[in-house]
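Asker: My structure is in final_35.cif, and what it holds is mmCIF, C-alpha atoms, pLDDT in the B column; chains and numbers go by the auth columns:
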data_run
loop_
_atom_site.group_PDB
_atom_site.id
_atom_site.type_symbol
_atom_site.label_atom_id
_atom_site.label_comp_id
_atom_site.label_asym_id
_atom_site.label_seq_id
_atom_site.Cartn_x
_atom_site.Cartn_y
_atom_site.Cartn_z
_atom_site.B_iso_or_equiv
_atom_site.auth_seq_id
_atom_site.auth_asym_id
ATOM 1 C CA MET A 1 2.465 -2.456 3.472 80.00 1 A
ATOM 2 C CA PRO A 2 -1.190 -3.057 4.474 85.00 2 A
ATOM 3 C CA SER A 3 -1.322 -6.416 2.678 87.00 3 A
ATOM 4 C CA ALA A 4 1.834 -7.595 4.466 87.00 4 A
ATOM 5 C CA ILE A 5 0.479 -6.462 7.836 89.00 5 A
ATOM 6 C CA GLY A 6 -2.794 -8.291 7.220 90.00 6 A
ATOM 7 C CA ALA A 7 -1.056 -11.485 6.106 91.00 7 A
ATOM 8 C CA PHE A 8 1.219 -11.551 9.153 92.00 8 A
ATOM 9 C CA ARG A 9 -1.699 -10.888 11.520 91.00 9 A
ATOM 10 C CA HIS A 10 -3.727 -13.631 9.857 92.00 10 A
ATOM 11 C CA ALA A 11 -0.804 -16.027 10.421 93.00 11 A
ATOM 12 C CA GLY A 12 -0.715 -15.095 14.118 92.00 12 A
ATOM 13 C CA PHE A 13 2.213 -12.667 14.199 93.00 13 A
ATOM 14 C CA ASP A 14 1.802 -9.300 15.908 88.00 14 A
ATOM 15 C CA VAL A 15 3.795 -6.906 13.739 88.00 15 A
ATOM 16 C CA ILE A 16 4.666 -3.236 13.779 86.00 16 A
ATOM 17 C CA ALA A 17 4.988 -1.734 10.305 83.00 17 A
ATOM 18 C CA TRP A 18 8.276 -0.032 9.561 82.00 18 A
ATOM 19 C CA PRO A 19 8.750 0.973 5.927 75.00 19 A
ATOM 20 C CA ALA A 20 12.239 0.477 4.546 77.00 20 A
ATOM 21 C CA ASP A 21 11.906 2.276 1.215 72.00 21 A
ATOM 22 C CA TYR A 22 9.943 5.430 0.541 68.00 22 A
ATOM 23 C CA LEU A 23 8.382 6.315 -2.810 65.00 23 A
ATOM 24 C CA THR A 24 7.616 9.903 -1.808 64.00 24 A
ATOM 25 C CA LEU A 25 9.465 13.178 -1.661 62.00 25 A
ATOM 26 C CA GLY A 26 7.414 14.426 1.269 64.00 26 A
ATOM 27 C CA LYS A 27 3.904 15.879 1.420 64.00 27 A
ATOM 28 C CA LEU A 28 4.792 19.491 0.742 64.00 28 A
ATOM 29 C CA LYS A 29 7.132 18.741 -2.153 62.00 29 A
ATOM 30 C CA GLU A 30 4.653 16.373 -3.807 63.00 30 A
ATOM 31 C CA LEU A 31 1.804 18.860 -3.533 64.00 31 A
ATOM 32 C CA ALA A 32 3.918 21.609 -5.081 67.00 32 A
ATOM 33 C CA THR A 33 5.259 19.461 -7.943 71.00 33 A
ATOM 34 C CA PRO A 34 2.778 18.667 -10.732 75.00 34 A
ATOM 35 C CA ILE A 35 2.778 15.377 -12.597 76.00 35 A
ATOM 36 C CA GLU A 36 5.152 15.772 -15.538 79.00 36 A
ATOM 37 C CA GLY A 37 3.214 13.800 -18.104 82.00 37 A
ATOM 38 C CA VAL A 38 0.864 10.968 -18.884 86.00 38 A
ATOM 39 C CA SER A 39 3.517 8.293 -18.390 85.00 39 A
ATOM 40 C CA GLU A 40 4.365 9.531 -14.880 82.00 40 A
ATOM 41 C CA GLY A 41 0.677 9.671 -13.988 80.00 41 A
ATOM 42 C CA LEU A 42 0.128 6.126 -15.240 88.00 42 A
ATOM 43 C CA GLN A 43 3.127 4.901 -13.264 85.00 43 A
ATOM 44 C CA LEU A 44 1.698 6.413 -10.061 81.00 44 A
ATOM 45 C CA LEU A 45 -1.707 4.901 -10.824 88.00 45 A
ATOM 46 C CA ASP A 46 -0.112 1.490 -11.442 91.00 46 A
ATOM 47 C CA THR A 47 1.767 1.601 -8.128 83.00 47 A
ATOM 48 C CA GLY A 48 -1.378 2.418 -6.168 86.00 48 A
ATOM 49 C CA ALA A 49 -3.616 0.016 -8.075 93.00 49 A
ATOM 50 C CA MET A 50 -1.278 -2.922 -7.418 91.00 50 A
ATOM 51 C CA GLU A 51 -1.675 -2.492 -3.645 88.00 51 A
ATOM 52 C CA TRP A 52 -5.468 -2.055 -3.813 91.00 52 A
ATOM 53 C CA ILE A 53 -5.923 -5.074 -6.095 94.00 53 A
ATOM 54 C CA GLY A 54 -3.610 -7.115 -3.873 91.00 54 A
ATOM 55 C CA LEU A 55 -5.670 -6.189 -0.803 92.00 55 A
ATOM 56 C CA ALA A 56 -8.902 -7.203 -2.529 94.00 56 A
ATOM 57 C CA VAL A 57 -7.476 -10.526 -3.751 94.00 57 A
ATOM 58 C CA TYR A 58 -5.967 -11.335 -0.335 93.00 58 A
ATOM 59 C CA ARG A 59 -9.334 -10.585 1.309 94.00 59 A
ATOM 60 C CA LEU A 60 -11.296 -12.720 -1.172 95.00 60 A
ATOM 61 C CA ALA A 61 -8.778 -15.573 -0.790 95.00 61 A
ATOM 62 C CA GLY A 62 -9.062 -15.426 3.003 93.00 62 A
ATOM 63 C CA ARG A 63 -5.409 -14.489 3.535 92.00 63 A
ATOM 64 C CA ILE A 64 -6.274 -11.330 5.495 91.00 64 A
ATOM 65 C CA ASP A 65 -9.105 -10.715 7.967 90.00 65 A
ATOM 66 C CA GLU A 66 -9.930 -7.099 7.061 88.00 66 A
ATOM 67 C CA LEU A 67 -9.850 -5.201 3.775 87.00 67 A
ATOM 68 C CA ILE A 68 -7.621 -2.392 5.004 85.00 68 A
ATOM 69 C CA PRO A 69 -5.415 -3.595 7.887 84.00 69 A
ATOM 70 C CA GLY A 70 -4.023 -0.708 9.895 78.00 70 A
ATOM 71 C CA PRO A 71 -2.458 0.040 13.242 76.00 71 A
ATOM 72 C CA VAL A 72 -4.095 -1.594 16.243 73.00 72 A
#
Take the structure in this file and express it as structure tokens.
Answerer:
Amino acid sequence: MPSAIGAFRHAGFDVIAWPADYLTLGKLKELATPIEGVSEGLQLLDTGAMEWIGLAVYRLAGRIDELIPGPV
């Protein structure tokens, strides 16, 4: 979501983020449920790393103006 917000702002669109698909069960449920194995942990790491790498590449390529775009 942050990379999309940054790209739209860079293109001149003022956007309000509204997620359409959630990958969480909720804070309390996630804190109470341990990771079930190495493969689940790697999948979570992969999901997070993709967004962070995308943000860094977009910033280096000049497609976004700030590293972590957030609410205005």
Asker: Compare A:Ile68, A:Leu44, A:Met1, A:Ala7 by their minimum atom-to-atom distance to Asp21 (chain A), counting all atoms listed in the file, and give me the closest one.
Answerer: A:Met1
Asker: Just want the 12 Å neighbourhood of Ala17 (chain A), counted on only C-alpha atoms, with same-chain residues fewer than 6 positions away dropped. Output as a PyMOL selection string.
Answerer: chain A and resi 1-6+8-9+69-72
Asker: Once 4 Å is added on each side, what centre and edge lengths in Å to one decimal does the axis-aligned box around all listed atoms of region 13-17 of chain A have, as lines of an AutoDock Vina configuration file?
Answerer:
center_x = 3.4
center_y = -7.2
center_z = 13.1
size_x = 11.2
size_y = 18.9
size_z = 13.6
Asker: Report, in Å with one decimal, the straight-line distance from CA of Arg59 (chain A) to CA of Thr47 (chain A).
Answerer: 19.0 Å
Asker: What is the CA of Asp65 (chain A)-CA of His10 (chain A) distance in Å, reported with one decimal?
Answerer: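 Between these atoms lies a distance of 6.4 Å.
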Asker: Residues within 7 Å of (-4.0, -14.9, 4.9), file coordinates, counting all atoms listed in the file: what are they? Give the list as an MDAnalysis selection string.
Answerer: chainID A and resid 7 10:11 58 62:64
Asker: Do you have the CA of Val38 (chain A)-CA of Trp52 (chain A) distance handy?
Answerer: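 So the two atoms, CA of Val38 (chain A) and CA of Trp52 (chain A), lie 20.9 Å apart.
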Asker: How would region 5-21 of chain A read, as an mmCIF file, in the coordinates of the input, once N, CA and C atoms are built in?
Answerer:
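Result written to part.cif:
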data_model
loop_
_atom_site.group_PDB
_atom_site.id
_atom_site.type_symbol
_atom_site.label_atom_id
_atom_site.label_comp_id
_atom_site.auth_asym_id
_atom_site.auth_seq_id
_atom_site.Cartn_x
_atom_site.Cartn_y
_atom_site.Cartn_z
ATOM 1 N N ILE A 5 0.943 -6.509 6.447
ATOM 2 C CA ILE A 5 0.479 -6.462 7.836
ATOM 3 C C ILE A 5 -0.677 -7.434 8.031
ATOM 4 N N GLY A 6 -1.650 -7.395 7.110
ATOM 5 C CA GLY A 6 -2.794 -8.291 7.220
ATOM 6 C C GLY A 6 -2.404 -9.755 7.139
ATOM 7 N N ALA A 7 -1.483 -10.090 6.254
ATOM 8 C CA ALA A 7 -1.056 -11.485 6.106
ATOM 9 C C ALA A 7 -0.329 -11.973 7.358
ATOM 10 N N PHE A 8 0.529 -11.155 7.921
ATOM 11 C CA PHE A 8 1.219 -11.551 9.153
ATOM 12 C C PHE A 8 0.250 -11.700 10.312
ATOM 13 N N ARG A 9 -0.703 -10.775 10.444
ATOM 14 C CA ARG A 9 -1.699 -10.888 11.520
ATOM 15 C C ARG A 9 -2.547 -12.142 11.354
ATOM 16 N N HIS A 10 -2.920 -12.441 10.120
ATOM 17 C CA HIS A 10 -3.727 -13.631 9.857
ATOM 18 C C HIS A 10 -2.957 -14.907 10.241
ATOM 19 N N ALA A 11 -1.637 -14.871 10.073
ATOM 20 C CA ALA A 11 -0.804 -16.027 10.421
ATOM 21 C C ALA A 11 -0.484 -16.086 11.918
ATOM 22 N N GLY A 12 -0.914 -15.054 12.675
ATOM 23 C CA GLY A 12 -0.715 -15.095 14.118
ATOM 24 C C GLY A 12 0.460 -14.292 14.635
ATOM 25 N N PHE A 13 1.092 -13.508 13.780
ATOM 26 C CA PHE A 13 2.213 -12.667 14.199
ATOM 27 C C PHE A 13 1.722 -11.250 14.472
ATOM 28 N N ASP A 14 2.116 -10.687 15.602
ATOM 29 C CA ASP A 14 1.802 -9.300 15.908
ATOM 30 C C ASP A 14 2.958 -8.456 15.399
ATOM 31 N N VAL A 15 2.717 -7.662 14.376
ATOM 32 C CA VAL A 15 3.795 -6.906 13.739
ATOM 33 C C VAL A 15 3.588 -5.408 13.891
ATOM 34 N N ILE A 16 4.684 -4.690 13.823
ATOM 35 C CA ILE A 16 4.666 -3.236 13.779
ATOM 36 C C ILE A 16 5.276 -2.842 12.438
ATOM 37 N N ALA A 17 4.522 -2.107 11.647
ATOM 38 C CA ALA A 17 4.988 -1.734 10.305
ATOM 39 C C ALA A 17 6.113 -0.715 10.405
ATOM 40 N N TRP A 18 7.152 -0.959 9.643
ATOM 41 C CA TRP A 18 8.276 -0.032 9.561
ATOM 42 C C TRP A 18 8.771 -0.023 8.128
ATOM 43 N N PRO A 19 8.355 0.969 7.335
ATOM 44 C CA PRO A 19 8.750 0.973 5.927
ATOM 45 C C PRO A 19 10.253 1.139 5.756
ATOM 46 N N ALA A 20 10.791 0.434 4.781
ATOM 47 C CA ALA A 20 12.239 0.477 4.546
ATOM 48 C C ALA A 20 12.600 1.285 3.307
ATOM 49 N N ASP A 21 11.628 1.544 2.446
ATOM 50 C CA ASP A 21 11.906 2.276 1.215
ATOM 51 C C ASP A 21 10.726 3.199 0.942
#
